[in-house]
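Working notes, beginning with the structure itself.
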Amino acid sequence: MTPSVFDPIRPFEPEELAEVFGRLIADEQFKTVMKYIFPQIPYEALCGKMQQCTTNLEFQKTFCYPFLQSLMSKASTGHTIDTAAIDLNRRHTFVSNHRDIVLDSALLDKLLIDAGSDTTCEIAIGDNLLAAPWIKDLVRVNKSFIVERSAGIREMLASSKRMAEYMHYVIEEKNDNIWIAQREGRAKDSDDRTQPSILKMMAMGGKGSLAERLAQLRIVPTAISYEYDPCDYLKAAEFQLKRDNPEWKKTKQDDVLSMKTGIMGFKGKVHYHCAPCISSFIMECGNTLDKGELLNTVASRIDHDIFLGYRLYANNYVAADLLEGSTAHSSHYTAEERSRFEQYLQQQLQKIDIPDKDEAYLTEMMLRMYANPLYNQEKALRG
């Protein structure tokens with residue numbers, strides 16, 4: 001049994017599932033969502049299948065996997081993963097760039113199963129996204145643990161330490177994987193950077209030196225590449241709203257719209273790339289660097305590995321050339337691909353409905369989202 005200190009944040013245990021399924025089945029919002037996701041299956045049949053699931057992984061394979069398979073057959077032109085650099089029989093902490101609120105971890109779970117893994121990941125999810133009790137129940141069934149972001153400063157320190165200790169417990173005792181984003185919130189401009197504070201939090205658990213604590217988590221930098229980001233126009237709108245009013249803040253409805261658009265919107269090709277585990281690199285650095293330098297060096301290494309792992313598409317090269325007013329990258333795309341991307345940008349621009357809409361600025365922001373992965377990979381290749 002998982003120690004009770006982790007009860008407020010951990011996923012549900014198998015013996016708790018029956019009670020949780022009962023709560024979910026009785027919830028009208030959950031019923032509406034399930035009917036929308038699985039319109040061909042009577043709700044009673046779905047409930048019966050759910051109640052037959054005895055583990056969280058079984059629930060994922062029964063419900064999440066087929067949903068994602070169906071979704072990606074319509075919303076993408078292929079989703080792939082490269083796990084050649086890691087041993088799937090060992091457990092890892094996948095630290096990835098953050099593209100989509102829901103799908104980053106969900107697709108990783110599916111792709112790990114496709115790659116032959118016998119398990120998925122426990123997923124770090126912010127409590128700010130748990131807008132209703134049934135959503136909190138559902139994510140904890142789906143192997144998520146809660147990142148408590150709404151606590152006060154003193155409580156935050158205690159909750160960060162508890163989360164770090166839980167992450168070490170998952171790797172070392174539960175023998176499962178973890179997924180966590182490299183930063184809090186998505187990098188809206190796709191200029192992906194690992195926050196050293198995330199690593200500092202992770203090292204609050206475990207035993208030994210700072211390097212040993214980080215190395216125990218077996219970090220695997222993981223690059224997520226989208227051909228099209230369905231939320232690009234929403235992110236661009238946020239940039240202008242914040243530019244025009246520095247006090248502007250997203251609402252819960254904004255989060256829900258971002259989640260729905262990210263899940264259902266067209267993505268083109270999607271690729272995940274797992275770099276080698278960096279535990280030995282961390283231990284080598286730990287011999288020569290002080291704590292602050294170590295955290296910054298490990299964050300930079302994760303960034304470097306993610307940049308090298310990006311799969312670049314024609315859109316990335318076109319965006320760079322449109323930003324620069326050049327044809328420097330034209331060998332990487334055809335005239336037809338350039339024209340298609342320019343038309344796509346116009347369509348996305350038309351979806352934006354905000355006061356004093358600044359089309360030139362909004363277009364530039366969307367172009368930066370697509371160009372930044374290319375720029376970062378070019379810098380990483382230069383060393």
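Each chain in the structure tokens gets a letter, A, B, ..., in the order shown, and its residues are numbered from 1; ligands are numbered from 1 in order too.
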Nearby residues (only C-alpha atoms) at most 12 Å from A:Phe281, same-chain spacing under 2 positions excluded, as a ChimeraX atom specification: /A:211-212,214-215,218-220,276-279,283-288,294,297-302
Residue subset to file, keeping N, CA, C and O atoms, as a CSV table (one decimal), in the first residue's frame:
chain,number,residue,atom,x,y,z
A,211,ALA,N,22.8,15.7,-6.7
A,211,ALA,CA,23.0,14.9,-8.0
A,211,ALA,C,22.4,13.5,-7.8
A,211,ALA,O,21.8,13.0,-8.8
A,212,GLU,N,22.7,12.9,-6.7
A,212,GLU,CA,22.1,11.5,-6.5
A,212,GLU,C,20.6,11.5,-6.5
A,212,GLU,O,20.0,10.6,-7.1
A,214,LEU,N,18.6,13.6,-8.0
A,214,LEU,CA,18.1,13.8,-9.4
A,214,LEU,C,18.4,12.5,-10.3
A,214,LEU,O,17.5,12.1,-11.0
A,215,ALA,N,19.5,11.9,-10.1
A,215,ALA,CA,19.9,10.7,-10.9
A,215,ALA,C,19.0,9.6,-10.6
A,215,ALA,O,18.7,8.8,-11.5
A,218,ARG,N,16.0,8.9,-12.9
A,218,ARG,CA,16.2,8.4,-14.3
A,218,ARG,C,15.5,9.3,-15.3
A,218,ARG,O,14.6,8.8,-16.1
A,219,ILE,N,15.9,10.5,-15.4
A,219,ILE,CA,15.3,11.5,-16.3
A,219,ILE,C,15.6,11.2,-17.7
A,219,ILE,O,16.7,11.0,-18.1
A,220,VAL,N,14.5,11.2,-18.6
A,220,VAL,CA,14.7,11.1,-20.0
A,220,VAL,C,14.1,12.3,-20.7
A,220,VAL,O,12.9,12.5,-20.7
A,276,PRO,N,18.5,9.6,-24.5
A,276,PRO,CA,19.0,8.7,-23.5
A,276,PRO,C,18.8,9.3,-22.1
A,276,PRO,O,18.8,10.5,-21.9
A,277,CYS,N,18.6,8.4,-21.1
A,277,CYS,CA,18.6,8.8,-19.7
A,277,CYS,C,19.8,9.5,-19.3
A,277,CYS,O,20.9,9.2,-19.7
A,278,ILE,N,19.7,10.6,-18.6
A,278,ILE,CA,20.8,11.5,-18.3
A,278,ILE,C,21.4,11.3,-16.8
A,278,ILE,O,22.1,12.1,-16.3
A,279,SER,N,21.0,10.2,-16.2
A,279,SER,CA,21.5,9.9,-14.8
A,279,SER,C,23.0,10.0,-14.7
A,279,SER,O,23.6,10.6,-13.8
A,283,MET,N,25.4,12.7,-12.5
A,283,MET,CA,26.4,12.2,-11.5
A,283,MET,C,27.8,12.8,-11.8
A,283,MET,O,28.5,13.3,-10.9
A,284,GLU,N,28.1,12.9,-13.1
A,284,GLU,CA,29.4,13.5,-13.4
A,284,GLU,C,29.5,15.0,-13.1
A,284,GLU,O,30.4,15.4,-12.5
A,285,CYS,N,28.4,15.7,-13.4
A,285,CYS,CA,28.3,17.1,-13.0
A,285,CYS,C,28.3,17.3,-11.5
A,285,CYS,O,28.9,18.3,-11.0
A,286,GLY,N,27.7,16.4,-10.8
A,286,GLY,CA,27.6,16.5,-9.3
A,286,GLY,C,29.0,16.5,-8.7
A,286,GLY,O,29.2,17.0,-7.5
A,287,ASN,N,30.0,16.0,-9.3
A,287,ASN,CA,31.4,15.9,-8.8
A,287,ASN,C,32.1,17.3,-8.8
A,287,ASN,O,33.0,17.5,-8.1
A,288,THR,N,31.6,18.2,-9.7
A,288,THR,CA,32.4,19.4,-9.9
A,288,THR,C,31.6,20.7,-9.7
A,288,THR,O,32.2,21.8,-9.6
A,294,LEU,N,24.6,23.1,-10.8
A,294,LEU,CA,24.2,21.8,-11.2
A,294,LEU,C,22.7,21.9,-11.8
A,294,LEU,O,22.5,21.3,-12.8
A,297,THR,N,22.8,23.5,-15.1
A,297,THR,CA,23.5,22.6,-16.1
A,297,THR,C,22.6,21.5,-16.6
A,297,THR,O,22.5,21.2,-17.8
A,298,VAL,N,21.9,20.9,-15.6
A,298,VAL,CA,21.0,19.8,-16.0
A,298,VAL,C,19.8,20.3,-16.8
A,298,VAL,O,19.4,19.7,-17.8
A,299,ALA,N,19.3,21.5,-16.4
A,299,ALA,CA,18.2,22.1,-17.2
A,299,ALA,C,18.6,22.4,-18.6
A,299,ALA,O,17.9,22.1,-19.6
A,300,SER,N,19.8,22.9,-18.8
A,300,SER,CA,20.4,23.1,-20.1
A,300,SER,C,20.6,21.8,-20.9
A,300,SER,O,20.3,21.8,-22.1
A,301,ARG,N,21.0,20.8,-20.2
A,301,ARG,CA,21.2,19.5,-20.9
A,301,ARG,C,19.8,18.9,-21.4
A,301,ARG,O,19.7,18.4,-22.5
A,302,ILE,N,18.8,19.1,-20.6
A,302,ILE,CA,17.4,18.6,-21.0
A,302,ILE,C,17.0,19.4,-22.2
A,302,ILE,O,16.5,18.8,-23.2
Residue neighbourhood A:Leu17, 12 Å, only C-alpha atoms, exclusion window fewer than 2 positions, as a ChimeraX atom specification: /A:11-15,19-25,50-59,137-138,140-143
Give me the residues of stretch 134-252 of chain A that have any atom at most 9 Å from an atom of stretch 354-370 of chain A; for each, the nearest atom pair and the distance in Å, rounded to one decimal. Use only C-alpha atoms, sort by chain and number, and format it as a Markdown table.
| residue | atom | partner | partner_atom | distance |
| --- | --- | --- | --- | --- |
| A:Lys188 | CA | A:Met369 | CA | 7.2 |
| A:Asp189 | CA | A:Met369 | CA | 4.4 |
| A:Ser190 | CA | A:Met369 | CA | 5.0 |
| A:Asp191 | CA | A:Met369 | CA | 7.4 |
| A:Glu227 | CA | A:Tyr370 | CA | 8.7 |
| A:Tyr228 | CA | A:Tyr370 | CA | 8.5 |
| A:Asp229 | CA | A:Tyr370 | CA | 8.7 |
| A:Asp232 | CA | A:Met366 | CA | 6.1 |
| A:Tyr233 | CA | A:Met366 | CA | 6.9 |
| A:Lys235 | CA | A:Met366 | CA | 8.1 |
| A:Ala236 | CA | A:Leu362 | CA | 5.5 |
| A:Ala237 | CA | A:Leu362 | CA | 6.8 |
| A:Phe239 | CA | A:Met365 | CA | 7.6 |
| A:Gln240 | CA | A:Leu362 | CA | 7.1 |
| A:Leu241 | CA | A:Ile354 | CA | 7.9 |
Selection to disk with N, CA and C atoms, as a PDB file, in the first residue's frame:
ATOM      1  N   LYS A 188       4.139  29.288 -24.662  1.00  0.00           N
ATOM      2  CA  LYS A 188       3.180  29.707 -25.699  1.00  0.00           C
ATOM      3  C   LYS A 188       3.860  29.977 -27.045  1.00  0.00           C
ATOM      4  N   ASP A 189       5.150  30.385 -27.008  1.00  0.00           N
ATOM      5  CA  ASP A 189       5.845  30.678 -28.265  1.00  0.00           C
ATOM      6  C   ASP A 189       6.704  29.504 -28.731  1.00  0.00           C
ATOM      7  N   SER A 190       6.551  28.326 -28.075  1.00  0.00           N
ATOM      8  CA  SER A 190       7.315  27.113 -28.422  1.00  0.00           C
ATOM      9  C   SER A 190       8.822  27.287 -28.253  1.00  0.00           C
ATOM     10  N   ASP A 191       9.236  28.300 -27.488  1.00  0.00           N
ATOM     11  CA  ASP A 191      10.649  28.439 -27.139  1.00  0.00           C
ATOM     12  C   ASP A 191      10.833  27.685 -25.819  1.00  0.00           C
ATOM     13  N   GLU A 227       3.109  18.984 -36.230  1.00  0.00           N
ATOM     14  CA  GLU A 227       3.135  19.669 -37.526  1.00  0.00           C
ATOM     15  C   GLU A 227       2.265  20.923 -37.469  1.00  0.00           C
ATOM     16  N   TYR A 228       1.083  20.794 -36.876  1.00  0.00           N
ATOM     17  CA  TYR A 228       0.179  21.923 -36.655  1.00  0.00           C
ATOM     18  C   TYR A 228      -0.231  21.940 -35.180  1.00  0.00           C
ATOM     19  N   ASP A 229      -0.193  23.111 -34.565  1.00  0.00           N
ATOM     20  CA  ASP A 229      -0.660  23.258 -33.192  1.00  0.00           C
ATOM     21  C   ASP A 229      -2.066  23.847 -33.248  1.00  0.00           C
ATOM     22  N   ASP A 232      -2.664  27.288 -31.744  1.00  0.00           N
ATOM     23  CA  ASP A 232      -1.754  28.393 -32.082  1.00  0.00           C
ATOM     24  C   ASP A 232      -2.467  29.747 -32.059  1.00  0.00           C
ATOM     25  N   TYR A 233      -3.706  29.803 -32.587  1.00  0.00           N
ATOM     26  CA  TYR A 233      -4.412  31.084 -32.641  1.00  0.00           C
ATOM     27  C   TYR A 233      -4.857  31.537 -31.246  1.00  0.00           C
ATOM     28  N   LYS A 235      -3.162  30.866 -28.447  1.00  0.00           N
ATOM     29  CA  LYS A 235      -1.933  31.342 -27.811  1.00  0.00           C
ATOM     30  C   LYS A 235      -1.569  32.737 -28.333  1.00  0.00           C
ATOM     31  N   ALA A 236      -1.721  32.956 -29.655  1.00  0.00           N
ATOM     32  CA  ALA A 236      -1.427  34.272 -30.233  1.00  0.00           C
ATOM     33  C   ALA A 236      -2.345  35.341 -29.634  1.00  0.00           C
ATOM     34  N   ALA A 237      -3.615  34.996 -29.498  1.00  0.00           N
ATOM     35  CA  ALA A 237      -4.571  35.941 -28.899  1.00  0.00           C
ATOM     36  C   ALA A 237      -4.155  36.287 -27.474  1.00  0.00           C
ATOM     37  N   PHE A 239      -1.140  36.353 -26.275  1.00  0.00           N
ATOM     38  CA  PHE A 239      -0.012  37.273 -26.340  1.00  0.00           C
ATOM     39  C   PHE A 239      -0.490  38.718 -26.511  1.00  0.00           C
ATOM     40  N   GLN A 240      -1.465  38.938 -27.428  1.00  0.00           N
ATOM     41  CA  GLN A 240      -1.929  40.316 -27.628  1.00  0.00           C
ATOM     42  C   GLN A 240      -2.699  40.817 -26.409  1.00  0.00           C
ATOM     43  N   LEU A 241      -3.555  39.972 -25.838  1.00  0.00           N
ATOM     44  CA  LEU A 241      -4.333  40.397 -24.671  1.00  0.00           C
ATOM     45  C   LEU A 241      -3.414  40.798 -23.514  1.00  0.00           C
TER      46      LEU A 241
END
Nearby residues (only C-alpha atoms) at most 12 Å from A:Ile263, same-chain spacing under 3 positions excluded, as number ranges by chain: A: 37, 67-68, 70-72, 74-76, 99-107, 229-231, 256-260, 266-267
9 Å contact set for A:Ala124, only C-alpha atoms, chain neighbours under 6 positions out, as an NGL selection string: :A and (105 or 144-147 or 178-181)
I want to know what sits within 8 Å of stretch 324-334 of chain A, based on only C-alpha atoms, with residues of the same chain fewer than 6 positions away left out; could you give that as an mmCIF file with N, CA and C atoms, in the first residue's frame?
data_model
loop_
_atom_site.group_PDB
_atom_site.id
_atom_site.type_symbol
_atom_site.label_atom_id
_atom_site.label_comp_id
_atom_site.auth_asym_id
_atom_site.auth_seq_id
_atom_site.Cartn_x
_atom_site.Cartn_y
_atom_site.Cartn_z
ATOM 1 N N ALA A 314 7.831 20.967 -42.778
ATOM 2 C CA ALA A 314 7.924 22.088 -43.728
ATOM 3 C C ALA A 314 7.478 23.396 -43.081
ATOM 4 N N TYR A 317 10.179 25.461 -41.314
ATOM 5 C CA TYR A 317 11.110 26.152 -42.209
ATOM 6 C C TYR A 317 10.429 27.334 -42.909
ATOM 7 N N VAL A 318 9.176 27.136 -43.326
ATOM 8 C CA VAL A 318 8.426 28.222 -43.970
ATOM 9 C C VAL A 318 8.271 29.386 -42.994
#
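Take atom CA of A:Asp82 and atom CA of A:His271: the distance between them is 8.0 Å.
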Picked from stretch 137-288 of chain A by DSSP as strand (DSSP E), as a ChimeraX atom specification: /A:144-147,177-181,219-226,268-274
Written selection (C-alpha atoms) as an mmCIF file, in the first residue's frame:
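Result file is again_39.cif:
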data_model
loop_
_atom_site.group_PDB
_atom_site.id
_atom_site.type_symbol
_atom_site.label_atom_id
_atom_site.label_comp_id
_atom_site.auth_asym_id
_atom_site.auth_seq_id
_atom_site.Cartn_x
_atom_site.Cartn_y
_atom_site.Cartn_z
ATOM 1 C CA SER A 144 -2.428 11.224 -12.421
ATOM 2 C CA PHE A 145 -0.978 12.755 -9.274
ATOM 3 C CA ILE A 146 -1.882 16.279 -8.242
ATOM 4 C CA VAL A 147 0.456 19.287 -8.354
ATOM 5 C CA ASN A 177 7.150 5.712 -15.025
ATOM 6 C CA ILE A 178 6.430 9.411 -14.510
ATOM 7 C CA TRP A 179 5.633 12.215 -16.942
ATOM 8 C CA ILE A 180 6.182 15.842 -15.978
ATOM 9 C CA ALA A 181 6.407 18.972 -18.116
ATOM 10 C CA ILE A 219 15.286 11.530 -16.280
ATOM 11 C CA VAL A 220 14.650 11.062 -20.008
ATOM 12 C CA PRO A 221 14.391 14.349 -21.985
ATOM 13 C CA THR A 222 11.467 13.889 -24.367
ATOM 14 C CA ALA A 223 10.760 16.055 -27.426
ATOM 15 C CA ILE A 224 7.187 16.494 -28.682
ATOM 16 C CA SER A 225 6.779 17.811 -32.239
ATOM 17 C CA TYR A 226 3.488 18.872 -33.840
ATOM 18 C CA GLY A 268 -1.007 16.860 -38.789
ATOM 19 C CA LYS A 269 1.959 14.654 -37.909
ATOM 20 C CA VAL A 270 2.944 14.212 -34.239
ATOM 21 C CA HIS A 271 6.253 12.720 -33.110
ATOM 22 C CA TYR A 272 7.788 11.915 -29.705
ATOM 23 C CA HIS A 273 11.534 11.400 -29.332
ATOM 24 C CA CYS A 274 13.096 9.974 -26.167
#
Nearest residue to A:Leu108 from the set A:Thr83, A:Ser4, A:Ser280, A:Asn315 (distances using only C-alpha atoms): A:Thr83
Å distance separating atom CA of A:Pro196 from atom CA of A:Leu295, one decimal place: 5.5 Å
Which of A:Arg243, A:Lys110, A:His98, A:Lys200 sits closest to A:Lys61 [using only C-alpha atoms]: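 Counting only C-alpha atoms, the residue closest to A:Lys61 is A:Lys110.
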Atom-to-atom span, atom CA of A:Ile282 and atom CA of A:Ile113, Å: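 Calculated distance between atom CA of A:Ile282 and atom CA of A:Ile113 is 28.2 Å.
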Given only C-alpha atoms as the counted atoms, nearest of A:Leu46, A:Ala335, A:Leu312, A:Leu111 to A:Glu378: A:Leu312
